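Peer 1: mmCIF, C-alpha atoms and all ligand atoms, saved as protein17.cif, coming up:
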```
data_start
loop_
_atom_site.group_PDB
_atom_site.id
_atom_site.type_symbol
_atom_site.label_atom_id
_atom_site.label_comp_id
_atom_site.auth_asym_id
_atom_site.auth_seq_id
_atom_site.Cartn_x
_atom_site.Cartn_y
_atom_site.Cartn_z
ATOM 1 C CA MET Y 1 -17.253 -0.203 -6.548
ATOM 2 C CA THR Y 2 -20.127 -2.671 -6.891
ATOM 3 C CA GLY Y 3 -18.830 -5.721 -8.729
ATOM 4 C CA GLN Y 4 -15.207 -5.008 -7.816
ATOM 5 C CA ASN Y 5 -13.375 -7.774 -5.940
ATOM 6 C CA ALA Y 6 -10.302 -6.543 -4.040
ATOM 7 C CA ILE Y 7 -7.361 -7.940 -2.119
ATOM 8 C CA VAL Y 8 -5.825 -5.482 0.354
ATOM 9 C CA THR Y 9 -2.508 -6.602 1.845
ATOM 10 C CA GLY Y 10 -1.503 -5.471 5.318
ATOM 11 C CA GLY Y 11 -5.201 -4.744 5.701
ATOM 12 C CA ALA Y 12 -5.662 -5.673 9.362
ATOM 13 C CA ARG Y 13 -4.883 -2.186 10.629
ATOM 14 C CA GLY Y 14 -3.683 1.302 9.673
ATOM 15 C CA ILE Y 15 -3.956 2.468 6.071
ATOM 16 C CA GLY Y 16 -4.869 -0.993 4.749
ATOM 17 C CA ALA Y 17 -7.785 -1.293 7.184
ATOM 18 C CA ALA Y 18 -9.076 2.144 6.130
ATOM 19 C CA ILE Y 19 -8.900 1.104 2.457
ATOM 20 C CA ALA Y 20 -10.701 -2.188 3.142
ATOM 21 C CA ARG Y 21 -13.402 -0.411 5.163
ATOM 22 C CA ARG Y 22 -13.970 2.232 2.453
ATOM 23 C CA PHE Y 23 -14.090 -0.340 -0.346
ATOM 24 C CA VAL Y 24 -16.767 -2.330 1.517
ATOM 25 C CA GLU Y 25 -18.764 0.856 2.189
ATOM 26 C CA GLU Y 26 -18.644 1.597 -1.542
ATOM 27 C CA GLY Y 27 -19.984 -1.849 -2.490
ATOM 28 C CA ALA Y 28 -16.862 -3.927 -3.255
ATOM 29 C CA THR Y 29 -16.036 -7.391 -1.950
ATOM 30 C CA VAL Y 30 -12.723 -7.428 -0.073
ATOM 31 C CA THR Y 31 -10.212 -10.008 1.079
ATOM 32 C CA ILE Y 32 -8.069 -8.569 3.847
ATOM 33 C CA GLY Y 33 -4.653 -10.245 3.822
ATOM 34 C CA ASP Y 34 -2.290 -9.805 6.748
ATOM 35 C CA VAL Y 35 0.050 -11.606 9.124
ATOM 36 C CA LEU Y 36 -1.968 -10.177 12.040
ATOM 37 C CA GLY Y 37 -4.664 -12.878 12.396
ATOM 38 C CA PRO Y 38 -6.811 -11.703 15.325
ATOM 39 C CA GLU Y 39 -6.938 -8.046 14.214
ATOM 40 C CA GLY Y 40 -7.758 -9.044 10.638
ATOM 41 C CA GLU Y 41 -10.475 -11.506 11.691
ATOM 42 C CA GLU Y 42 -12.070 -8.913 13.933
ATOM 43 C CA LEU Y 43 -12.026 -6.228 11.245
ATOM 44 C CA ALA Y 44 -13.519 -8.534 8.610
ATOM 45 C CA ALA Y 45 -16.235 -9.765 10.984
ATOM 46 C CA GLY Y 46 -17.236 -6.165 11.700
ATOM 47 C CA LEU Y 47 -17.480 -5.371 7.980
ATOM 48 C CA GLY Y 48 -20.015 -8.114 7.230
ATOM 49 C CA GLU Y 49 -20.429 -10.676 4.486
ATOM 50 C CA THR Y 50 -18.669 -8.752 1.729
ATOM 51 C CA ALA Y 51 -15.354 -8.838 3.624
ATOM 52 C CA ARG Y 52 -13.217 -11.769 4.643
ATOM 53 C CA PHE Y 53 -9.838 -12.196 6.275
ATOM 54 C CA ALA Y 54 -7.057 -14.439 4.958
ATOM 55 C CA LEU Y 55 -3.756 -15.054 6.672
ATOM 56 C CA LEU Y 56 -1.186 -13.755 4.178
ATOM 57 C CA ASP Y 57 2.556 -13.366 4.441
ATOM 58 C CA VAL Y 58 3.335 -11.321 1.332
ATOM 59 C CA THR Y 59 6.874 -12.751 1.185
ATOM 60 C CA ASP Y 60 5.570 -16.301 0.770
ATOM 61 C CA ALA Y 61 4.597 -17.534 -2.700
ATOM 62 C CA GLY Y 62 2.452 -20.390 -1.370
ATOM 63 C CA SER Y 63 0.586 -17.998 0.889
ATOM 64 C CA TRP Y 64 -0.164 -15.711 -2.079
ATOM 65 C CA SER Y 65 -1.445 -18.604 -4.260
ATOM 66 C CA ALA Y 66 -3.761 -19.759 -1.481
ATOM 67 C CA VAL Y 67 -5.142 -16.278 -0.810
ATOM 68 C CA VAL Y 68 -5.817 -15.486 -4.474
ATOM 69 C CA ALA Y 69 -7.558 -18.869 -4.879
ATOM 70 C CA GLN Y 70 -9.668 -18.250 -1.751
ATOM 71 C CA ALA Y 71 -10.588 -14.738 -2.882
ATOM 72 C CA GLU Y 72 -11.708 -16.112 -6.260
ATOM 73 C CA GLU Y 73 -13.683 -18.920 -4.694
ATOM 74 C CA ALA Y 74 -15.459 -16.538 -2.328
ATOM 75 C CA TYR Y 75 -16.244 -13.636 -4.668
ATOM 76 C CA GLY Y 76 -15.003 -14.387 -8.223
ATOM 77 C CA PRO Y 77 -11.914 -13.163 -10.119
ATOM 78 C CA VAL Y 78 -9.840 -10.479 -8.430
ATOM 79 C CA SER Y 79 -10.201 -7.073 -10.102
ATOM 80 C CA VAL Y 80 -8.341 -4.886 -7.577
ATOM 81 C CA LEU Y 81 -5.023 -5.505 -5.838
ATOM 82 C CA ILE Y 82 -3.765 -3.078 -3.199
ATOM 83 C CA ASN Y 83 -0.129 -3.785 -2.329
ATOM 84 C CA ASN Y 84 -0.119 -2.045 1.040
ATOM 85 C CA ALA Y 85 1.759 -4.348 3.471
ATOM 86 C CA GLY Y 86 4.950 -2.719 4.651
ATOM 87 C CA ILE Y 87 7.467 -2.417 7.457
ATOM 88 C CA LEU Y 88 9.840 0.364 8.508
ATOM 89 C CA GLN Y 89 13.335 0.119 10.022
ATOM 90 C CA ILE Y 90 15.366 3.200 10.940
ATOM 91 C CA ASP Y 91 19.116 2.711 10.502
ATOM 92 C CA SER Y 92 21.974 4.354 8.645
ATOM 93 C CA ILE Y 93 23.293 2.544 5.587
ATOM 94 C CA GLU Y 94 26.550 1.987 7.465
ATOM 95 C CA GLU Y 95 24.917 0.511 10.578
ATOM 96 C CA GLN Y 96 22.037 -1.493 9.141
ATOM 97 C CA GLU Y 97 22.505 -5.254 9.270
ATOM 98 C CA PRO Y 98 22.234 -6.952 5.866
ATOM 99 C CA ALA Y 99 19.432 -9.189 7.174
ATOM 100 C CA SER Y 100 17.436 -6.106 8.195
ATOM 101 C CA PHE Y 101 17.858 -4.530 4.732
ATOM 102 C CA ARG Y 102 16.740 -7.796 3.168
ATOM 103 C CA ARG Y 103 13.694 -8.086 5.440
ATOM 104 C CA VAL Y 104 12.458 -4.565 4.630
ATOM 105 C CA THR Y 105 12.898 -4.949 0.875
ATOM 106 C CA ASP Y 106 11.453 -8.485 1.042
ATOM 107 C CA VAL Y 107 8.182 -7.363 2.624
ATOM 108 C CA ASN Y 108 7.816 -3.981 0.950
ATOM 109 C CA LEU Y 109 9.036 -4.715 -2.577
ATOM 110 C CA TYR Y 110 9.378 -8.443 -3.223
ATOM 111 C CA GLY Y 111 6.013 -8.959 -1.479
ATOM 112 C CA ALA Y 112 4.325 -6.566 -3.886
ATOM 113 C CA TRP Y 113 6.033 -8.115 -6.902
ATOM 114 C CA LEU Y 114 4.920 -11.565 -5.732
ATOM 115 C CA GLY Y 115 1.396 -10.225 -5.293
ATOM 116 C CA LEU Y 116 1.301 -8.884 -8.832
ATOM 117 C CA HIS Y 117 2.955 -12.001 -10.237
ATOM 118 C CA THR Y 118 0.380 -14.252 -8.571
ATOM 119 C CA THR Y 119 -2.709 -12.131 -9.195
ATOM 120 C CA ILE Y 120 -2.233 -11.317 -12.913
ATOM 121 C CA PRO Y 121 -4.127 -14.412 -14.187
ATOM 122 C CA SER Y 122 -7.058 -13.552 -11.915
ATOM 123 C CA LEU Y 123 -7.023 -9.906 -13.068
ATOM 124 C CA ARG Y 124 -7.211 -11.221 -16.641
ATOM 125 C CA ARG Y 125 -10.120 -13.491 -15.754
ATOM 126 C CA ALA Y 126 -11.838 -10.423 -14.272
ATOM 127 C CA GLY Y 127 -11.505 -8.748 -17.669
ATOM 128 C CA GLY Y 128 -9.121 -6.100 -16.326
ATOM 129 C CA GLY Y 129 -8.734 -4.139 -13.132
ATOM 130 C CA VAL Y 130 -6.566 -1.848 -11.041
ATOM 131 C CA VAL Y 131 -3.401 -2.397 -8.997
ATOM 132 C CA VAL Y 132 -2.212 0.203 -6.505
ATOM 133 C CA ASN Y 133 1.209 0.021 -4.877
ATOM 134 C CA ILE Y 134 1.280 1.941 -1.596
ATOM 135 C CA SER Y 135 4.682 3.594 -1.818
ATOM 136 C CA SER Y 136 5.548 6.705 0.235
ATOM 137 C CA THR Y 137 7.113 10.138 -0.030
ATOM 138 C CA ALA Y 138 10.178 7.917 0.493
ATOM 139 C CA GLY Y 139 9.520 6.801 -3.083
ATOM 140 C CA LEU Y 140 9.885 10.391 -4.289
ATOM 141 C CA MET Y 141 12.931 11.603 -2.326
ATOM 142 C CA GLY Y 142 15.627 10.382 0.075
ATOM 143 C CA TYR Y 143 15.423 10.081 3.866
ATOM 144 C CA ALA Y 144 18.584 9.741 5.979
ATOM 145 C CA GLY Y 145 18.067 6.662 8.169
ATOM 146 C CA LEU Y 146 15.659 4.936 5.784
ATOM 147 C CA GLY Y 147 17.966 3.368 3.183
ATOM 148 C CA ALA Y 148 16.131 0.051 2.882
ATOM 149 C CA TYR Y 149 12.690 1.608 3.161
ATOM 150 C CA THR Y 150 13.497 4.286 0.576
ATOM 151 C CA ALA Y 151 14.970 1.749 -1.834
ATOM 152 C CA SER Y 152 11.874 -0.423 -1.466
ATOM 153 C CA LYS Y 153 9.468 2.492 -1.978
ATOM 154 C CA TRP Y 154 11.268 3.738 -5.121
ATOM 155 C CA GLY Y 155 11.147 0.122 -6.275
ATOM 156 C CA LEU Y 156 7.368 0.009 -5.835
ATOM 157 C CA ARG Y 157 7.075 3.123 -7.981
ATOM 158 C CA GLY Y 158 9.156 1.601 -10.783
ATOM 159 C CA LEU Y 159 7.331 -1.698 -10.524
ATOM 160 C CA ALA Y 160 4.007 0.115 -10.972
ATOM 161 C CA LYS Y 161 5.263 1.803 -14.151
ATOM 162 C CA THR Y 162 6.543 -1.447 -15.636
ATOM 163 C CA ALA Y 163 3.372 -3.336 -14.711
ATOM 164 C CA ALA Y 164 1.293 -0.526 -16.253
ATOM 165 C CA LEU Y 165 3.130 -1.079 -19.553
ATOM 166 C CA GLU Y 166 2.942 -4.880 -19.416
ATOM 167 C CA LEU Y 167 -0.735 -5.057 -18.429
ATOM 168 C CA ALA Y 168 -2.306 -2.209 -20.384
ATOM 169 C CA ALA Y 169 -3.460 -4.574 -23.123
ATOM 170 C CA ASP Y 170 -5.310 -6.597 -20.481
ATOM 171 C CA GLY Y 171 -7.217 -3.546 -19.282
ATOM 172 C CA VAL Y 172 -5.251 -3.351 -16.026
ATOM 173 C CA ARG Y 173 -4.161 0.059 -14.699
ATOM 174 C CA VAL Y 174 -1.289 0.203 -12.194
ATOM 175 C CA CYS Y 175 -0.417 3.269 -10.099
ATOM 176 C CA SER Y 176 1.600 4.174 -7.034
ATOM 177 C CA VAL Y 177 0.376 6.181 -4.035
ATOM 178 C CA HIS Y 178 2.807 8.279 -2.010
ATOM 179 C CA PRO Y 179 1.570 9.099 1.493
ATOM 180 C CA GLY Y 180 3.430 11.470 3.785
ATOM 181 C CA PRO Y 181 3.206 11.077 7.585
ATOM 182 C CA ILE Y 182 -0.031 9.243 8.428
ATOM 183 C CA ARG Y 183 -1.139 8.434 11.980
ATOM 184 C CA THR Y 184 -1.077 4.632 12.229
ATOM 185 C CA PRO Y 185 0.669 2.077 14.456
ATOM 186 C CA MET Y 186 3.708 2.460 12.127
ATOM 187 C CA THR Y 187 4.157 6.101 13.175
ATOM 188 C CA ALA Y 188 2.949 5.710 16.785
ATOM 189 C CA GLU Y 189 6.374 6.522 18.234
ATOM 190 C CA MET Y 190 6.988 9.546 16.001
ATOM 191 C CA GLY Y 191 6.397 13.108 17.215
ATOM 192 C CA GLU Y 192 4.998 16.296 15.727
ATOM 193 C CA GLU Y 193 8.448 17.485 14.573
ATOM 194 C CA ILE Y 194 7.986 15.291 11.503
ATOM 195 C CA VAL Y 195 5.161 17.494 10.172
ATOM 196 C CA VAL Y 196 6.532 20.932 11.108
ATOM 197 C CA GLY Y 197 7.101 22.937 7.929
ATOM 198 C CA GLN Y 198 4.637 21.018 5.812
ATOM 199 C CA PRO Y 199 2.057 23.282 4.134
ATOM 200 C CA ILE Y 200 -0.586 21.168 5.915
ATOM 201 C CA ALA Y 201 1.309 20.792 9.200
ATOM 202 C CA ARG Y 202 -0.362 17.731 10.705
ATOM 203 C CA TYR Y 203 -0.375 13.977 10.336
ATOM 204 C CA GLY Y 204 -2.772 12.648 7.754
ATOM 205 C CA ALA Y 205 -5.480 10.145 8.644
ATOM 206 C CA PRO Y 206 -5.589 6.668 7.075
ATOM 207 C CA GLU Y 207 -9.000 7.602 5.664
ATOM 208 C CA GLU Y 208 -7.391 10.395 3.623
ATOM 209 C CA VAL Y 209 -5.170 7.837 1.890
ATOM 210 C CA ALA Y 210 -8.150 5.505 1.435
ATOM 211 C CA ALA Y 211 -10.047 8.320 -0.314
ATOM 212 C CA MET Y 212 -7.194 8.713 -2.831
ATOM 213 C CA VAL Y 213 -7.013 4.960 -3.426
ATOM 214 C CA LEU Y 214 -10.774 4.832 -3.986
ATOM 215 C CA PHE Y 215 -10.466 7.679 -6.506
ATOM 216 C CA ILE Y 216 -7.720 5.839 -8.406
ATOM 217 C CA VAL Y 217 -9.694 2.604 -8.550
ATOM 218 C CA ALA Y 218 -13.176 3.966 -9.192
ATOM 219 C CA GLU Y 219 -12.671 7.238 -11.047
ATOM 220 C CA ALA Y 220 -9.169 7.705 -12.486
ATOM 221 C CA THR Y 221 -9.852 5.768 -15.682
ATOM 222 C CA TYR Y 222 -7.300 7.725 -17.776
ATOM 223 C CA SER Y 223 -4.440 7.297 -15.268
ATOM 224 C CA THR Y 224 -1.913 4.490 -15.263
ATOM 225 C CA GLY Y 225 1.794 4.142 -14.513
ATOM 226 C CA CYS Y 226 1.732 7.345 -12.486
ATOM 227 C CA GLU Y 227 2.115 8.709 -8.973
ATOM 228 C CA PHE Y 228 -0.596 10.048 -6.655
ATOM 229 C CA VAL Y 229 0.705 12.043 -3.681
ATOM 230 C CA VAL Y 230 -1.143 12.353 -0.314
ATOM 231 C CA ASP Y 231 1.407 14.128 1.850
ATOM 232 C CA GLY Y 232 0.083 17.428 3.214
ATOM 233 C CA GLY Y 233 2.455 19.104 0.783
ATOM 234 C CA ALA Y 234 5.551 17.545 2.385
ATOM 235 C CA THR Y 235 7.341 17.118 -0.954
ATOM 236 C CA THR Y 236 6.367 20.551 -2.273
ATOM 237 C CA GLY Y 237 9.654 22.255 -1.340
ATOM 238 C CA SER Y 238 11.215 24.484 1.304
ATOM 239 C CA THR Y 239 10.528 28.037 2.422
ATOM 240 C CA LEU Y 240 13.126 30.706 3.254
ATOM 241 C CA LEU Y 241 10.541 33.098 4.684
ATOM 242 C CA GLY Y 242 10.509 31.924 8.320
ATOM 243 C CA ASP Y 243 7.650 31.065 10.643
ATOM 244 C CA GLU Y 244 5.181 33.746 9.554
ATOM 245 C CA THR Y 245 4.304 31.660 6.453
HETATM 246 P P1 LIG F 1 0.906 -0.523 9.848
HETATM 247 O O1 LIG F 1 -0.133 0.078 10.701
HETATM 248 O O2 LIG F 1 2.131 -1.076 10.471
HETATM 249 O O3 LIG F 1 0.176 -1.624 8.956
HETATM 250 C C1 LIG F 1 0.913 -2.445 8.082
HETATM 251 C C2 LIG F 1 0.336 -3.826 8.140
HETATM 252 O O4 LIG F 1 1.096 -4.678 7.271
HETATM 253 C C3 LIG F 1 0.438 -4.434 9.548
HETATM 254 O O5 LIG F 1 -0.751 -5.087 9.894
HETATM 255 C C4 LIG F 1 1.604 -5.383 9.368
HETATM 256 O O6 LIG F 1 1.674 -6.425 10.323
HETATM 257 C C5 LIG F 1 1.345 -5.891 7.966
HETATM 258 N N1 LIG F 1 2.465 -6.658 7.467
HETATM 259 C C6 LIG F 1 3.778 -6.528 7.788
HETATM 260 N N2 LIG F 1 4.484 -7.489 7.198
HETATM 261 C C7 LIG F 1 3.622 -8.239 6.466
HETATM 262 C C8 LIG F 1 3.755 -9.386 5.648
HETATM 263 N N3 LIG F 1 4.949 -9.985 5.462
HETATM 264 N N4 LIG F 1 2.665 -9.885 5.063
HETATM 265 C C9 LIG F 1 1.448 -9.327 5.262
HETATM 266 N N5 LIG F 1 1.244 -8.261 6.051
HETATM 267 C C10 LIG F 1 2.329 -7.709 6.649
HETATM 268 O O7 LIG F 1 1.412 0.515 8.754
HETATM 269 P P2 LIG F 1 0.639 1.669 7.929
HETATM 270 O O8 LIG F 1 1.137 2.949 8.421
HETATM 271 O O9 LIG F 1 -0.809 1.399 7.834
HETATM 272 O O10 LIG F 1 1.339 1.434 6.514
HETATM 273 C C11 LIG F 1 0.693 0.827 5.408
HETATM 274 C C12 LIG F 1 1.539 1.080 4.167
HETATM 275 O O11 LIG F 1 1.636 2.491 3.955
HETATM 276 C C13 LIG F 1 2.984 0.588 4.299
HETATM 277 O O12 LIG F 1 3.416 0.072 3.060
HETATM 278 C C14 LIG F 1 3.753 1.839 4.645
HETATM 279 O O13 LIG F 1 5.101 1.752 4.265
HETATM 280 C C15 LIG F 1 2.990 2.859 3.841
HETATM 281 N N6 LIG F 1 3.166 4.237 4.319
HETATM 282 C C16 LIG F 1 2.835 4.578 5.597
HETATM 283 C C17 LIG F 1 3.026 5.888 6.021
HETATM 284 C C18 LIG F 1 2.696 6.342 7.416
HETATM 285 O O14 LIG F 1 3.076 7.467 7.773
HETATM 286 N N7 LIG F 1 1.989 5.555 8.222
HETATM 287 C C19 LIG F 1 3.559 6.836 5.133
HETATM 288 C C20 LIG F 1 3.889 6.454 3.847
HETATM 289 C C21 LIG F 1 3.681 5.150 3.445
HETATM 290 P P3 LIG F 1 2.833 -6.358 11.493
HETATM 291 O O15 LIG F 1 2.393 -5.356 12.458
HETATM 292 O O16 LIG F 1 2.900 -7.727 12.035
HETATM 293 O O17 LIG F 1 4.115 -5.940 10.841
#
```
In structure tokens, write the structure found in this file.
Ligand code: NAP

Peer 2:
Amino acid sequence: MTGQNAIVTGGARGIGAAIARRFVEEGATVTIGDVLGPEGEELAAGLGETARFALLDVTDAGSWSAVVAQAEEAYGPVSVLINNAGILQIDSIEEQEPASFRRVTDVNLYGAWLGLHTTIPSLRRAGGGVVVNISSTAGLMGYAGLGAYTASKWGLRGLAKTAALELAADGVRVCSVHPGPIRTPMTAEMGEEIVVGQPIARYGAPEEVAAMVLFIVAEATYSTGCEFVVDGGATTGSTLLGDET
């Protein structure tokens, strides 16, 4: 990762923080963008001179322009964009307020589109690069109670495919990552029942997602426009054989 210059959105904690930490360990320079100022500042300070924090609201175009400009000024053109910032709201389609649907899709999907839209010139100046949209198993299947979230995560998957087609000539690869249940502040209130029945019947760690993202960026040079699943087998299927399996 030496010579790679990354922006990781929602990087102050959880999966984004694990990605930022791993990238720095592997030699990249990283701008951690998040709405959580104190957590982001603390993380970046602990990572040393090759990491910096920038206040970023992914739904705000001006915020994106400023962060991309700062990242370039600090470390040069941006070669890696990790669209990781996301929020979750549990509500049925019937009960969810329109403003809540809009907020979830704004942060999760529009925020990633805006990130791509703003960063493309910098990726070109870098001579190519990699974009990873952090989707979810909710971008591979449906979840009752997660209408907005599921719509946004399928959207991220489609956006990655379209961006892969549009940016291939510029040497930019774009993929989506689909984590299953991962132990982070987002899932802090959720119990073990979520992982019962998975082939690997436990929550994943943020570092396990970071390892996949690192692989995509640093090693997966023949992969673009495609999905990478990190879900303990959650989307593999169902069993009719009972508990003994
Ligand atoms: P997390 O711990 O809640 O971290 C997400 C970060 O994004 C938080 O710091 C959050 O700040 C920030 N954020 C929210 N809105 C933002 C905005 N408008 N602009 C910039 N940053 C913003 O969640 P996580 O579990 O690490 O999730 C990271 C990504 O993985 C999300 O896209 C999530 O949907 C996806 N994912 C997670 C799981 C899981 O089981 N944890 C599974 C599949 C996919 P606030 O706290 O202020 O909102």

Peer 1: Just so the selection is clear, what residues does the PyMOL selection byres (((chain Y and resi 205-214) around 10) and not hetatm) cover here, as number ranges by chain?

Peer 2: Y: 1, 13-23, 26, 82, 131-134, 175-184, 202-204, 215-220, 228-231

Peer 1: Do you have, as JSON lines, the list of residues of range 13-109 of chain Y lying at most 12 Å from range 152-165 of chain Y, each with its nearest atom pair and that distance in Å to one decimal, counting only C-alpha atoms and ordered by chain then number?

Peer 2:
```
{"residue": "Y:Leu81", "atom": "CA", "partner": "Y:Ala160", "partner_atom": "CA", "distance": 11.8}
{"residue": "Y:Ile82", "atom": "CA", "partner": "Y:Ala160", "partner_atom": "CA", "distance": 11.4}
{"residue": "Y:Asn83", "atom": "CA", "partner": "Y:Leu156", "partner_atom": "CA", "distance": 9.1}
{"residue": "Y:Asn84", "atom": "CA", "partner": "Y:Leu156", "partner_atom": "CA", "distance": 10.4}
{"residue": "Y:Ala85", "atom": "CA", "partner": "Y:Lys153", "partner_atom": "CA", "distance": 11.7}
{"residue": "Y:Gly86", "atom": "CA", "partner": "Y:Ser152", "partner_atom": "CA", "distance": 9.5}
{"residue": "Y:Ile87", "atom": "CA", "partner": "Y:Ser152", "partner_atom": "CA", "distance": 10.1}
{"residue": "Y:Leu88", "atom": "CA", "partner": "Y:Ser152", "partner_atom": "CA", "distance": 10.2}
{"residue": "Y:Gln89", "atom": "CA", "partner": "Y:Ser152", "partner_atom": "CA", "distance": 11.6}
{"residue": "Y:Phe101", "atom": "CA", "partner": "Y:Ser152", "partner_atom": "CA", "distance": 9.5}
{"residue": "Y:Arg102", "atom": "CA", "partner": "Y:Ser152", "partner_atom": "CA", "distance": 10.0}
{"residue": "Y:Arg103", "atom": "CA", "partner": "Y:Ser152", "partner_atom": "CA", "distance": 10.5}
{"residue": "Y:Val104", "atom": "CA", "partner": "Y:Ser152", "partner_atom": "CA", "distance": 7.4}
{"residue": "Y:Thr105", "atom": "CA", "partner": "Y:Ser152", "partner_atom": "CA", "distance": 5.2}
{"residue": "Y:Asp106", "atom": "CA", "partner": "Y:Ser152", "partner_atom": "CA", "distance": 8.5}
{"residue": "Y:Val107", "atom": "CA", "partner": "Y:Ser152", "partner_atom": "CA", "distance": 8.9}
{"residue": "Y:Asn108", "atom": "CA", "partner": "Y:Ser152", "partner_atom": "CA", "distance": 5.9}
{"residue": "Y:Leu109", "atom": "CA", "partner": "Y:Ser152", "partner_atom": "CA", "distance": 5.3}
```

Peer 1: Got time to write the residues from that selection, C-alpha atoms, as an mmCIF file, in the coordinates of the input?

Peer 2:
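File written: selection-v4.cif
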```cif
data_model
loop_
_atom_site.group_PDB
_atom_site.id
_atom_site.type_symbol
_atom_site.label_atom_id
_atom_site.label_comp_id
_atom_site.auth_asym_id
_atom_site.auth_seq_id
_atom_site.Cartn_x
_atom_site.Cartn_y
_atom_site.Cartn_z
ATOM 1 C CA LEU Y 81 -5.023 -5.505 -5.838
ATOM 2 C CA ILE Y 82 -3.765 -3.078 -3.199
ATOM 3 C CA ASN Y 83 -0.129 -3.785 -2.329
ATOM 4 C CA ASN Y 84 -0.119 -2.045 1.040
ATOM 5 C CA ALA Y 85 1.759 -4.348 3.471
ATOM 6 C CA GLY Y 86 4.950 -2.719 4.651
ATOM 7 C CA ILE Y 87 7.467 -2.417 7.457
ATOM 8 C CA LEU Y 88 9.840 0.364 8.508
ATOM 9 C CA GLN Y 89 13.335 0.119 10.022
ATOM 10 C CA PHE Y 101 17.858 -4.530 4.732
ATOM 11 C CA ARG Y 102 16.740 -7.796 3.168
ATOM 12 C CA ARG Y 103 13.694 -8.086 5.440
ATOM 13 C CA VAL Y 104 12.458 -4.565 4.630
ATOM 14 C CA THR Y 105 12.898 -4.949 0.875
ATOM 15 C CA ASP Y 106 11.453 -8.485 1.042
ATOM 16 C CA VAL Y 107 8.182 -7.363 2.624
ATOM 17 C CA ASN Y 108 7.816 -3.981 0.950
ATOM 18 C CA LEU Y 109 9.036 -4.715 -2.577
#
```

Peer 1: For the structure provided, state which residues fall under the PyMOL selection byres (((chain Y and resi 41-54) around 9) and not hetatm), and present them as a PyMOL selection string.

Peer 2: chain Y and resi 11-13+17+20-21+24-25+27-40+55-56+66-67+70-71+74-75

Peer 1: What separation in Å, quoted to one decimal, exists between atom O16 of ligand LIG 1 (chain F) and CA of Tyr110 in chain Y?

Peer 2: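 Separating atom O16 of ligand LIG 1 (chain F) from CA of Tyr110 in chain Y is a distance of 16.6 Å.
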
Peer 1: Just to confirm, what's the straight-line distance from atom C8 of ligand LIG 1 (chain F) to CA of Leu123 in chain Y in Å (one decimal)?

Peer 2: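 Rounded to one decimal, the two atoms are 21.6 Å apart.
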
Peer 1: Kindly give the distance, in Å, that separates CA of Leu241 in chain Y and CA of Met141 in chain Y, rounded to a single decimal.

Peer 2: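 Taking CA of Leu241 in chain Y and CA of Met141 in chain Y, their separation equals 22.7 Å.
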
Peer 1: Return as JSON the centre and edge lengths, in Å with one decimal, of the box along x, y and z that encloses every atom of ligand LIG 1 (chain F) in the file, padded by 8 Å per side.

Peer 2:
```
{"center_x": 2.1, "center_y": -1.3, "center_z": 7.8, "size_x": 21.9, "size_y": 33.5, "size_z": 25.4}
```

Peer 1: Using the chain letters and numbers from the file, which residues does the PyMOL selection byres (((chain Y and resi 234) around 9) and not hetatm) grab, as a list of chain:residue names?

Peer 2: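 With the shown file as input, the PyMOL selection byres (((chain Y and resi 234) around 9) and not hetatm) matches Y:Thr137, Y:Gly180, Y:Pro181, Y:Val195, Y:Gly197, Y:Gln198, Y:Pro199, Y:Ile200, Y:Ala201, Y:Val230, Y:Asp231, Y:Gly232, Y:Gly233, Y:Thr235, Y:Thr236, Y:Gly237.
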
Peer 1: Under the rule that all atoms listed in the file are counted, which of Y:Pro98, Y:Gly145, Y:Gly115, Y:Gly3 is the nearest residue to ligand LIG 1 (chain F)?

Peer 2: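 Counting all atoms listed in the file, the residue closest to ligand LIG 1 (chain F) is Y:Gly115.
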
Peer 1: Using all atoms listed in the file, can you tell me which of Y:Ser238, Y:Gln96, Y:Thr150, Y:Thr2 comes closest to ligand LIG 1 (chain F)?

Peer 2: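 Among the listed residues, Y:Thr150 lies closest to ligand LIG 1 (chain F).
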
Peer 1: Name the closest residue to ligand LIG 1 (chain F) among the candidates Y:Ser100, Y:Ser79, Y:Gln4, Y:Thr187; distances are taken between atoms, counting only C-alpha atoms and all ligand atoms.

Peer 2: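 Going through Y:Ser100, Y:Ser79, Y:Gln4, Y:Thr187 one by one, the smallest distance to ligand LIG 1 (chain F) is for Y:Thr187.
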
Peer 1: Ranking Y:Leu114, Y:Val78, Y:Ile120, Y:Ile93 by minimum distance to ligand LIG 1 (chain F) and counting only C-alpha atoms and all ligand atoms, which one comes first?

Peer 2: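 Closest to ligand LIG 1 (chain F), using only C-alpha atoms and all ligand atoms: Y:Leu114.
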
Peer 1: Kindly indicate which residue among Y:Ala126, Y:Met186, Y:Ala6, Y:Cys226 lies nearest to ligand LIG 1 (chain F), using all atoms listed in the file for the distances.

Peer 2: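 Answer, going by the shortest atom-to-atom distance: Y:Met186.
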